[in-house]
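Novice: Here you go, this is structure-v1.txt (compact mmCIF, C-alpha atoms).
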```txt
# COMPACT_ATOMS: atom_id res chain seq x y z
CA MET A 38 -25.56 -0.64 10.63
CA LYS A 39 -23.07 -3.02 9.00
CA SER A 40 -25.79 -4.63 6.89
CA LYS A 41 -26.89 -1.21 5.68
CA ARG A 42 -23.33 -0.30 4.75
CA ARG A 43 -22.93 -3.57 2.86
CA LEU A 44 -26.16 -2.95 0.96
CA GLU A 45 -24.94 0.52 0.01
CA GLN A 46 -21.61 -0.89 -1.18
CA ALA A 47 -23.37 -3.62 -3.18
CA ALA A 48 -25.70 -1.05 -4.75
CA ALA A 49 -22.72 1.14 -5.69
CA VAL A 50 -20.98 -1.83 -7.35
CA LEU A 51 -24.13 -2.76 -9.30
CA ILE A 52 -24.55 0.82 -10.49
CA ALA A 53 -20.91 0.96 -11.58
CA LEU A 54 -21.33 -2.31 -13.51
CA ALA A 55 -24.49 -0.99 -15.16
CA VAL A 56 -22.68 2.18 -16.24
CA TRP A 57 -19.80 0.07 -17.55
CA GLN A 58 -22.21 -2.15 -19.50
CA ALA A 59 -23.99 0.87 -20.98
CA ALA A 60 -20.69 2.51 -21.96
CA ALA A 61 -19.50 -0.68 -23.65
CA ALA A 62 -22.78 -0.92 -25.56
CA ILE A 63 -22.56 2.72 -26.70
CA VAL A 64 -18.91 2.44 -27.79
CA ASP A 65 -19.56 -0.95 -29.40
CA ARG A 66 -15.87 -1.57 -30.01
CA PRO A 67 -14.52 -4.55 -28.01
CA ALA A 68 -10.95 -3.53 -28.81
CA LEU A 69 -11.51 -0.35 -26.76
CA LEU A 70 -14.05 -1.34 -24.13
CA VAL A 71 -15.38 -4.82 -23.38
CA THR A 72 -18.44 -5.68 -21.33
CA PRO A 73 -18.27 -6.83 -17.68
CA ALA A 74 -19.46 -10.31 -18.73
CA VAL A 75 -16.54 -10.73 -21.13
CA VAL A 76 -14.07 -9.58 -18.48
CA PHE A 77 -15.62 -11.96 -15.95
CA MET A 78 -15.23 -14.92 -18.30
CA LYS A 79 -11.63 -13.94 -19.05
CA LEU A 80 -11.00 -13.57 -15.31
CA ILE A 81 -12.22 -17.13 -14.73
CA SER A 82 -9.96 -18.32 -17.53
CA ILE A 83 -6.96 -16.54 -16.04
CA CYS A 84 -7.62 -17.78 -12.51
CA SER A 85 -7.92 -21.37 -13.73
CA SER A 86 -4.63 -21.26 -15.64
CA PRO A 87 -1.77 -23.30 -14.09
CA ASP A 88 0.59 -20.33 -13.67
CA PHE A 89 -1.93 -17.89 -12.15
CA LEU A 90 -1.01 -18.44 -8.49
CA ARG A 91 2.69 -18.25 -9.27
CA THR A 92 2.22 -14.99 -11.19
CA ALA A 93 0.01 -13.43 -8.51
CA ALA A 94 2.38 -14.56 -5.74
CA PHE A 95 5.40 -13.12 -7.60
CA SER A 96 3.97 -9.61 -7.63
CA PHE A 97 2.18 -9.85 -4.27
CA VAL A 98 5.28 -10.91 -2.33
CA ARG A 99 7.49 -8.23 -3.86
CA ILE A 100 5.06 -5.32 -3.54
CA ALA A 101 4.01 -6.36 -0.02
CA SER A 102 7.69 -6.67 0.94
CA GLY A 103 8.42 -3.19 -0.38
CA PHE A 104 5.47 -1.80 1.57
CA LEU A 105 6.42 -3.50 4.84
CA LEU A 106 10.09 -2.53 4.52
CA ALA A 107 9.06 1.09 3.90
CA LEU A 108 6.71 0.99 6.90
CA ALA A 109 9.47 -0.25 9.18
CA ALA A 110 12.09 2.14 7.78
CA GLY A 111 9.69 5.10 7.81
CA CYS A 112 8.78 4.53 11.46
CA ALA A 113 12.45 4.10 12.46
CA LEU A 114 13.59 7.21 10.60
CA ALA A 115 10.67 9.23 11.99
CA ALA A 116 11.60 8.11 15.50
CA LEU A 117 15.17 9.34 14.95
CA ALA A 118 13.99 12.62 13.42
CA GLY A 119 11.50 13.13 16.25
CA SER A 120 14.23 12.60 18.84
CA PHE A 121 16.96 14.68 17.21
CA ARG A 122 16.29 17.94 15.40
CA LEU A 123 19.54 17.67 13.43
CA VAL A 124 18.50 14.29 12.03
CA GLU A 125 15.18 15.74 10.84
CA VAL A 126 17.02 18.57 9.08
CA LEU A 127 19.41 16.11 7.41
CA PHE A 128 16.59 13.82 6.27
CA ARG A 129 14.43 16.64 4.89
CA PRO A 130 16.08 17.06 1.44
CA PHE A 131 16.16 13.30 0.84
CA ILE A 132 12.49 12.82 1.74
CA GLN A 133 11.48 15.85 -0.32
CA THR A 134 13.44 14.53 -3.30
CA ILE A 135 11.79 11.10 -3.08
CA LYS A 136 8.37 12.77 -2.90
CA SER A 137 9.06 15.00 -5.89
CA VAL A 138 10.80 12.70 -8.37
CA PRO A 139 8.35 11.11 -10.87
CA VAL A 140 7.73 7.38 -10.51
CA ALA A 141 8.85 6.78 -14.10
CA SER A 142 12.27 8.31 -13.32
CA PHE A 143 12.68 6.03 -10.31
CA ILE A 144 11.67 3.01 -12.37
CA ILE A 145 14.19 3.70 -15.14
CA LEU A 146 16.99 4.50 -12.69
CA CYS A 147 16.31 1.41 -10.55
CA LEU A 148 16.03 -0.74 -13.67
CA ILE A 149 19.54 0.32 -14.66
CA VAL A 150 20.96 -0.25 -11.16
CA ILE A 151 19.27 -3.46 -9.91
CA GLY A 152 17.55 -4.96 -12.95
CA SER A 153 13.94 -6.06 -13.25
CA GLU A 154 13.76 -8.90 -10.69
CA GLY A 155 13.59 -6.76 -7.56
CA LEU A 156 12.30 -3.61 -9.23
CA SER A 157 8.78 -3.69 -7.77
CA VAL A 158 10.18 -4.10 -4.23
CA LEU A 159 12.32 -0.99 -4.49
CA ILE A 160 9.69 1.10 -6.28
CA ALA A 161 7.01 0.24 -3.70
CA PHE A 162 9.53 1.03 -0.95
CA LEU A 163 10.41 4.44 -2.39
CA ILE A 164 6.77 5.42 -2.89
CA VAL A 165 5.63 4.40 0.60
CA LEU A 166 8.64 5.62 2.62
CA PRO A 167 7.99 9.40 2.53
CA ILE A 168 4.28 8.92 3.29
CA VAL A 169 4.98 6.81 6.37
CA TYR A 170 7.87 9.00 7.51
CA THR A 171 5.88 12.24 7.23
CA ASN A 172 2.79 10.89 8.99
CA VAL A 173 4.65 9.17 11.82
CA LEU A 174 6.91 12.19 12.39
CA GLN A 175 3.83 14.39 12.60
CA GLY A 176 2.34 11.97 15.13
CA ILE A 177 5.49 12.02 17.25
CA LYS A 178 5.55 15.81 17.23
CA SER A 179 1.90 15.98 18.29
CA THR A 180 2.33 13.54 21.19
CA ASP A 181 0.77 14.88 24.38
CA ARG A 182 3.62 16.47 26.34
CA LYS A 183 1.71 16.14 29.60
CA LEU A 184 1.79 12.35 29.23
CA LEU A 185 5.52 12.45 28.62
CA GLU A 186 6.03 14.64 31.69
CA MET A 187 3.93 12.23 33.73
CA ALA A 188 6.00 9.31 32.47
CA LYS A 189 9.12 11.18 33.51
CA VAL A 190 7.72 11.79 37.00
CA PHE A 191 6.92 8.08 37.42
CA ARG A 192 10.32 7.17 35.93
CA ALA A 193 8.83 5.05 33.17
CA GLY A 194 11.40 3.46 30.90
CA LEU A 195 11.48 3.82 27.12
CA PRO A 196 9.67 0.50 26.45
CA LYS A 197 6.69 1.62 28.56
CA LYS A 198 6.68 5.05 26.93
CA ILE A 199 6.56 3.42 23.51
CA LYS A 200 3.86 0.94 24.49
CA TYR A 201 1.55 3.16 26.50
CA ILE A 202 2.14 6.65 25.08
CA TYR A 203 3.68 6.67 21.61
CA LEU A 204 1.88 3.67 20.09
CA PRO A 205 -1.65 4.85 21.04
CA GLN A 206 -0.82 8.40 19.96
CA LEU A 207 0.59 7.21 16.63
CA GLU A 208 -2.25 4.81 15.81
CA PRO A 209 -4.32 7.22 13.64
CA HIS A 210 -1.19 8.42 11.85
CA ILE A 211 0.02 4.89 11.07
CA VAL A 212 -3.46 3.81 9.96
CA SER A 213 -3.81 6.87 7.74
CA ALA A 214 -0.36 6.41 6.19
CA SER A 215 -0.99 2.71 5.57
CA SER A 216 -4.40 3.30 4.03
CA VAL A 217 -3.03 5.86 1.58
CA SER A 218 0.21 4.09 0.72
CA VAL A 219 -1.06 0.53 0.09
CA GLY A 220 -2.85 1.53 -3.11
CA LEU A 221 0.08 3.69 -4.22
CA ALA A 222 2.50 0.82 -3.58
CA TRP A 223 0.50 -1.44 -5.88
CA LYS A 224 0.16 1.22 -8.58
CA ALA A 225 3.86 2.02 -8.56
CA GLY A 226 4.96 -1.60 -8.20
CA ILE A 227 2.86 -2.81 -11.12
CA ALA A 228 4.00 0.19 -13.21
CA GLY A 229 7.57 -0.86 -12.53
CA GLU A 230 6.80 -4.41 -13.65
CA VAL A 231 5.14 -3.21 -16.84
CA ILE A 232 8.29 -1.23 -17.74
CA GLY A 233 10.85 -3.74 -16.43
CA ILE A 234 8.85 -6.82 -17.56
CA PRO A 235 10.28 -9.33 -15.04
CA ASP A 236 9.47 -12.93 -15.97
CA GLY A 237 6.42 -14.37 -14.22
CA SER A 238 4.97 -11.07 -12.99
CA ILE A 239 1.56 -9.45 -13.37
CA GLY A 240 3.29 -6.56 -15.13
CA GLU A 241 4.51 -8.97 -17.80
CA LYS A 242 0.92 -10.19 -18.32
CA LEU A 243 -0.30 -6.61 -18.70
CA TYR A 244 2.45 -5.87 -21.21
CA GLU A 245 1.56 -8.96 -23.23
CA ALA A 246 -2.12 -7.96 -23.19
CA LYS A 247 -1.14 -4.57 -24.59
CA VAL A 248 1.07 -6.06 -27.29
CA TYR A 249 -1.65 -8.46 -28.47
CA LEU A 250 -4.43 -5.86 -28.04
CA SER A 251 -6.29 -8.19 -25.66
CA THR A 252 -8.52 -5.67 -23.90
CA ALA A 253 -10.44 -8.35 -22.00
CA GLU A 254 -7.22 -9.79 -20.57
CA LEU A 255 -5.99 -6.31 -19.68
CA PHE A 256 -9.20 -5.61 -17.75
CA ALA A 257 -9.13 -9.05 -16.12
CA TRP A 258 -5.58 -8.63 -14.81
CA THR A 259 -6.52 -5.14 -13.64
CA VAL A 260 -9.34 -6.70 -11.61
CA VAL A 261 -6.82 -9.16 -10.15
CA ILE A 262 -4.56 -6.27 -9.11
CA ILE A 263 -7.48 -4.45 -7.47
CA LEU A 264 -8.52 -7.57 -5.55
CA LEU A 265 -4.95 -8.26 -4.40
CA SER A 266 -4.54 -4.65 -3.29
CA ILE A 267 -7.81 -4.64 -1.37
CA GLY A 268 -7.06 -8.04 0.13
CA PHE A 269 -3.62 -6.96 1.31
CA GLU A 270 -5.03 -3.73 2.76
CA LYS A 271 -7.73 -5.65 4.65
CA LEU A 272 -5.21 -8.21 5.93
CA PHE A 273 -2.75 -5.56 7.06
CA SER A 274 -5.52 -3.53 8.70
CA PHE A 275 -6.70 -6.64 10.58
CA ILE A 276 -3.17 -7.45 11.78
CA LEU A 277 -2.60 -3.83 12.82
CA LYS A 278 -5.85 -3.79 14.81
CA ARG A 279 -4.93 -7.07 16.49
CA LEU A 280 -1.51 -5.73 17.46
CA TYR A 281 -3.07 -2.59 18.91
CA ALA A 282 -5.63 -4.71 20.74
CA LEU A 283 -2.77 -6.64 22.36
CA THR A 284 -0.82 -3.52 23.34
CA GLY A 285 -3.70 -1.12 23.84
CA ARG A 286 -4.25 -1.64 27.54
CA SER A 287 -4.96 1.34 29.76
CA GLN A 288 -2.07 3.07 31.44
CA ARG A 289 -1.93 0.64 34.38
CA TRP A 290 1.80 1.02 34.71
CA ILE A 291 1.22 4.39 36.42
CA SER A 292 -0.19 2.66 39.46
CA GLN A 293 2.19 -0.31 39.36
```
Spit out the file's structure as structure tokens when you get a sec.

Specialist:
Amino acid sequence: MKSKRRLEQAAAVLIALAVWQAAAAIVDRPALLVTPAVVFMKLISICSSPDFLRTAAFSFVRIASGFLLALAAGCALAALAGSFRLVEVLFRPFIQTIKSVPVASFIILCLIVIGSEGLSVLIAFLIVLPIVYTNVLQGIKSTDRKLLEMAKVFRAGLPKKIKYIYLPQLEPHIVSASSVSVGLAWKAGIAGEVIGIPDGSIGEKLYEAKVYLSTAELFAWTVVIILLSIGFEKLFSFILKRLYALTGRSQRWISQ
């Protein structure tokens, strides 16, 4: 089954590359659209440059930090809102505002307040926070009440409730929120870097590619961003599955 899925994915990638190659040949203007081969060669050149790892690490660490901080804050705020109705009411206008304000407005405002160095951290945080908060709060509200009543009967403490009831119930909501927000965090974070242009960032490289009309370099750095985003998503998904595997035992505490 896995081999079949991999073959399908490989076929989809090959078809996409063929379409890209055909489109580049039809347009026949390298300044607008370069071929996959040209982008691949430029990608090799970029990856072999001495400052590539430093540039990739600069953006990766900041965007990943913003995502993880938003995940932690979103879960904590959702837990408070799920426990206290008043807290949910108080949080609602703030979360709705964050969801509604355009990313560009956040970027400009944050650029004025904190400067360009930590811009991608804050932008990724603001984009991910409402997604995590909304999904986790929905998961808390949909927790099986019968399980909570049973936990109350057996006098289970809060740690056991979290481990054996809330965490399993919240798993699909956390996975869904993470899957959606990782890509958005990278999009928003890189957009912030392109506008703020912090030294040594991927956003700075994209801005320079635009200034010098280097389409191949623009595409190559875009490929780097896609690979970093996918890699981070896979890594986070693996860690999340491992954590759930460690805590996902059956409800043995009922009989203990």

Novice: For the atom pair atom CA of Ile232 of chain A and atom CA of Val138 of chain A, what is the interatomic distance in Å to one decimal place?

Specialist: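 We find that atom CA of Ile232 of chain A and atom CA of Val138 of chain A lie 17.0 Å from each other.
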
Novice: Please, what distance in Å, to one decimal, runs between atom CA of Pro167 of chain A and atom CA of Trp258 of chain A?

Specialist: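 Separation of atom CA of Pro167 of chain A and atom CA of Trp258 of chain A: 28.5 Å.
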
Novice: State, in Å with one decimal place, the distance from atom CA of Ala101 of chain A to atom CA of Val248 of chain A.

Specialist: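 Between atom CA of Ala101 of chain A and atom CA of Val248 of chain A the gap is 27.4 Å.
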
Novice: For Ile168 of chain A, find every residue with an atom within 10 Å (counting only C-alpha atoms), except residues of its own chain fewer than 2 positions away, and show them as a PDB file with C-alpha atoms, keeping the file's coordinate frame.

Specialist:
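Saved file out-v5.pdb follows:
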```
ATOM      1  CA  ALA A 107       9.060   1.090   3.900  1.00  0.00           C
ATOM      2  CA  LEU A 108       6.710   0.990   6.900  1.00  0.00           C
ATOM      3  CA  GLY A 111       9.690   5.100   7.810  1.00  0.00           C
ATOM      4  CA  ILE A 132      12.490  12.820   1.740  1.00  0.00           C
ATOM      5  CA  LYS A 136       8.370  12.770  -2.900  1.00  0.00           C
ATOM      6  CA  LEU A 163      10.410   4.440  -2.390  1.00  0.00           C
ATOM      7  CA  ILE A 164       6.770   5.420  -2.890  1.00  0.00           C
ATOM      8  CA  VAL A 165       5.630   4.400   0.600  1.00  0.00           C
ATOM      9  CA  LEU A 166       8.640   5.620   2.620  1.00  0.00           C
ATOM     10  CA  TYR A 170       7.870   9.000   7.510  1.00  0.00           C
ATOM     11  CA  THR A 171       5.880  12.240   7.230  1.00  0.00           C
ATOM     12  CA  ASN A 172       2.790  10.890   8.990  1.00  0.00           C
ATOM     13  CA  VAL A 173       4.650   9.170  11.820  1.00  0.00           C
ATOM     14  CA  ILE A 211       0.020   4.890  11.070  1.00  0.00           C
ATOM     15  CA  SER A 213      -3.810   6.870   7.740  1.00  0.00           C
ATOM     16  CA  ALA A 214      -0.360   6.410   6.190  1.00  0.00           C
ATOM     17  CA  SER A 215      -0.990   2.710   5.570  1.00  0.00           C
ATOM     18  CA  VAL A 217      -3.030   5.860   1.580  1.00  0.00           C
ATOM     19  CA  SER A 218       0.210   4.090   0.720  1.00  0.00           C
TER      20      SER A 218
END
```

Novice: I'd like to know which of A:Gly268, A:Glu254, A:Ala115, A:Lys224 is closest to His210 of chain A, using only C-alpha atoms.

Specialist: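 Result for the nearest residue to His210 of chain A: A:Ala115.
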
Novice: Can you pull out every residue within 12 Å of segment 124-126 of chain A, counting only C-alpha atoms, but drop anything in the same chain fewer than 4 positions away, and send it as a list in words?

Specialist: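 What passes the distance filter is Ala113, Leu114, Ala115, Ala116, Leu117, Ala118, Gly119, Ser120, Pro130, Phe131, Ile132, Gln133, Tyr170, Thr171, Leu174, Gln175 and Lys178 of chain A.
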
Novice: Out of A:Leu221, A:Gly233, A:Val71, A:Arg66, which residue has the shortest atom-to-atom distance to Leu146 of chain A when counting all atoms listed in the file?

Specialist: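 Going through A:Leu221, A:Gly233, A:Val71, A:Arg66 one by one, the smallest distance to Leu146 of chain A is for A:Gly233.
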
Novice: Using all atoms listed in the file for the distances, tell me which of A:Arg122, A:Val50, A:Glu241, A:Thr134 is nearest to Pro73 of chain A.

Specialist: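 For Pro73 of chain A, the nearest of the candidates is A:Val50.
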
Novice: I want to know what sits within 12 Å of Ile267 of chain A, based on only C-alpha atoms, with residues of the same chain fewer than 2 positions away left out; could you give that as number ranges by chain?

Specialist: A: 97, 216-217, 219-223, 260-265, 269-274

Novice: Would you compute an axis-aligned box for segment 109-123 of chain A, covering every atom listed for it in the file with 5 Å of margin on each side, and report centre and edge lengths in Å to one decimal as lines of an AutoDock Vina configuration file?

Specialist:
```
center_x = 14.2
center_y = 8.8
center_z = 13.3
size_x = 20.8
size_y = 28.2
size_z = 21.1
```

Novice: Identify the residues around (8.5, -4.0, 1.4) within a radius of 9 Å, measuring from all atoms listed in the file in the coordinates stated by the file, and give them as a list of chain:residue names.

Specialist: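 Output: A:Val98, A:Arg99, A:Ile100, A:Ala101, A:Ser102, A:Gly103, A:Phe104, A:Leu105, A:Leu106, A:Ala107, A:Leu108, A:Ala109, A:Val158, A:Leu159, A:Ala161, A:Phe162, A:Val165.
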
Novice: Go ahead and write the residues just picked, C-alpha atoms, as a PDB file, in the coordinates of the input.

Specialist:
```pdb
ATOM      1  CA  VAL A  98       5.280 -10.910  -2.330  1.00  0.00           C
ATOM      2  CA  ARG A  99       7.490  -8.230  -3.860  1.00  0.00           C
ATOM      3  CA  ILE A 100       5.060  -5.320  -3.540  1.00  0.00           C
ATOM      4  CA  ALA A 101       4.010  -6.360  -0.020  1.00  0.00           C
ATOM      5  CA  SER A 102       7.690  -6.670   0.940  1.00  0.00           C
ATOM      6  CA  GLY A 103       8.420  -3.190  -0.380  1.00  0.00           C
ATOM      7  CA  PHE A 104       5.470  -1.800   1.570  1.00  0.00           C
ATOM      8  CA  LEU A 105       6.420  -3.500   4.840  1.00  0.00           C
ATOM      9  CA  LEU A 106      10.090  -2.530   4.520  1.00  0.00           C
ATOM     10  CA  ALA A 107       9.060   1.090   3.900  1.00  0.00           C
ATOM     11  CA  LEU A 108       6.710   0.990   6.900  1.00  0.00           C
ATOM     12  CA  ALA A 109       9.470  -0.250   9.180  1.00  0.00           C
ATOM     13  CA  VAL A 158      10.180  -4.100  -4.230  1.00  0.00           C
ATOM     14  CA  LEU A 159      12.320  -0.990  -4.490  1.00  0.00           C
ATOM     15  CA  ALA A 161       7.010   0.240  -3.700  1.00  0.00           C
ATOM     16  CA  PHE A 162       9.530   1.030  -0.950  1.00  0.00           C
ATOM     17  CA  VAL A 165       5.630   4.400   0.600  1.00  0.00           C
TER      18      VAL A 165
END
```

Novice: Excluding Phe95 of chain A and residues on its chain fewer than 4 positions from it, collect all residues at most 7 Å away from it, counting all atoms listed in the file, and give them as a PDB file with C-alpha atoms, keeping the file's coordinate frame.

Specialist:
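Output file out_28.pdb follows:
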```
ATOM      1  CA  ARG A  91       2.690 -18.250  -9.270  1.00  0.00           C
ATOM      2  CA  ARG A  99       7.490  -8.230  -3.860  1.00  0.00           C
ATOM      3  CA  GLY A 237       6.420 -14.370 -14.220  1.00  0.00           C
ATOM      4  CA  SER A 238       4.970 -11.070 -12.990  1.00  0.00           C
TER       5      SER A 238
END
```

Novice: Given the choices A:Ile239, A:Ile234, A:Ala225, A:Cys112, which gets closest to Ala94 of chain A if the distance is worked out from only C-alpha atoms?

Specialist: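 Counting only C-alpha atoms, the residue closest to Ala94 of chain A is A:Ile239.
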
Novice: Could I see segment 98-130 of chain A restored to N, CA and C atoms, set down as a CSV table (one decimal), in the coordinates of the input?

Specialist:
```
chain,number,residue,atom,x,y,z
A,98,VAL,N,4.2,-10.8,-3.3
A,98,VAL,CA,5.3,-10.9,-2.3
A,98,VAL,C,6.2,-9.7,-2.4
A,99,ARG,N,6.5,-9.3,-3.7
A,99,ARG,CA,7.5,-8.2,-3.9
A,99,ARG,C,6.9,-6.9,-3.5
A,100,ILE,N,5.7,-6.6,-3.9
A,100,ILE,CA,5.1,-5.3,-3.5
A,100,ILE,C,4.8,-5.2,-2.0
A,101,ALA,N,4.3,-6.3,-1.5
A,101,ALA,CA,4.0,-6.4,0.0
A,101,ALA,C,5.3,-6.2,0.8
A,102,SER,N,6.4,-6.8,0.3
A,102,SER,CA,7.7,-6.7,0.9
A,102,SER,C,8.2,-5.2,0.9
A,103,GLY,N,8.0,-4.6,-0.3
A,103,GLY,CA,8.4,-3.2,-0.4
A,103,GLY,C,7.6,-2.3,0.6
A,104,PHE,N,6.3,-2.6,0.7
A,104,PHE,CA,5.5,-1.8,1.6
A,104,PHE,C,5.9,-2.0,3.0
A,105,LEU,N,6.1,-3.2,3.4
A,105,LEU,CA,6.4,-3.5,4.8
A,105,LEU,C,7.8,-3.0,5.2
A,106,LEU,N,8.8,-3.1,4.3
A,106,LEU,CA,10.1,-2.5,4.5
A,106,LEU,C,10.0,-1.0,4.7
A,107,ALA,N,9.2,-0.4,3.8
A,107,ALA,CA,9.1,1.1,3.9
A,107,ALA,C,8.4,1.5,5.2
A,108,LEU,N,7.4,0.7,5.6
A,108,LEU,CA,6.7,1.0,6.9
A,108,LEU,C,7.7,0.9,8.1
A,109,ALA,N,8.5,-0.1,8.1
A,109,ALA,CA,9.5,-0.2,9.2
A,109,ALA,C,10.5,0.9,9.1
A,110,ALA,N,11.1,1.1,7.9
A,110,ALA,CA,12.1,2.1,7.8
A,110,ALA,C,11.5,3.5,8.1
A,111,GLY,N,10.3,3.8,7.6
A,111,GLY,CA,9.7,5.1,7.8
A,111,GLY,C,9.5,5.4,9.3
A,112,CYS,N,9.0,4.4,10.0
A,112,CYS,CA,8.8,4.5,11.5
A,112,CYS,C,10.1,4.7,12.2
A,113,ALA,N,11.1,4.0,11.8
A,113,ALA,CA,12.4,4.1,12.5
A,113,ALA,C,13.1,5.5,12.2
A,114,LEU,N,13.0,5.9,10.9
A,114,LEU,CA,13.6,7.2,10.6
A,114,LEU,C,12.8,8.3,11.3
A,115,ALA,N,11.5,8.2,11.3
A,115,ALA,CA,10.7,9.2,12.0
A,115,ALA,C,11.0,9.3,13.5
A,116,ALA,N,11.2,8.1,14.1
A,116,ALA,CA,11.6,8.1,15.5
A,116,ALA,C,12.9,8.8,15.7
A,117,LEU,N,13.9,8.6,14.8
A,117,LEU,CA,15.2,9.3,15.0
A,117,LEU,C,15.0,10.8,14.7
A,118,ALA,N,14.2,11.2,13.7
A,118,ALA,CA,14.0,12.6,13.4
A,118,ALA,C,13.2,13.3,14.5
A,119,GLY,N,12.3,12.6,15.2
A,119,GLY,CA,11.5,13.1,16.2
A,119,GLY,C,12.3,13.3,17.5
A,120,SER,N,13.4,12.5,17.6
A,120,SER,CA,14.2,12.6,18.8
A,120,SER,C,15.3,13.6,18.7
A,121,PHE,N,15.8,13.8,17.4
A,121,PHE,CA,17.0,14.7,17.2
A,121,PHE,C,16.6,15.7,16.1
A,122,ARG,N,16.6,16.9,16.4
A,122,ARG,CA,16.3,17.9,15.4
A,122,ARG,C,17.3,17.9,14.2
A,123,LEU,N,18.5,17.7,14.5
A,123,LEU,CA,19.5,17.7,13.4
A,123,LEU,C,19.2,16.6,12.4
A,124,VAL,N,18.8,15.4,12.9
A,124,VAL,CA,18.5,14.3,12.0
A,124,VAL,C,17.3,14.7,11.1
A,125,GLU,N,16.3,15.3,11.7
A,125,GLU,CA,15.2,15.7,10.8
A,125,GLU,C,15.6,16.7,9.7
A,126,VAL,N,16.5,17.6,10.1
A,126,VAL,CA,17.0,18.6,9.1
A,126,VAL,C,17.8,17.8,8.0
A,127,LEU,N,18.6,16.9,8.4
A,127,LEU,CA,19.4,16.1,7.4
A,127,LEU,C,18.5,15.2,6.5
A,128,PHE,N,17.5,14.7,7.1
A,128,PHE,CA,16.6,13.8,6.3
A,128,PHE,C,15.7,14.6,5.3
A,129,ARG,N,15.4,15.9,5.6
A,129,ARG,CA,14.4,16.6,4.9
A,129,ARG,C,14.7,16.7,3.4
A,130,PRO,N,15.9,17.0,2.9
A,130,PRO,CA,16.1,17.1,1.4
A,130,PRO,C,15.9,15.7,0.8
```
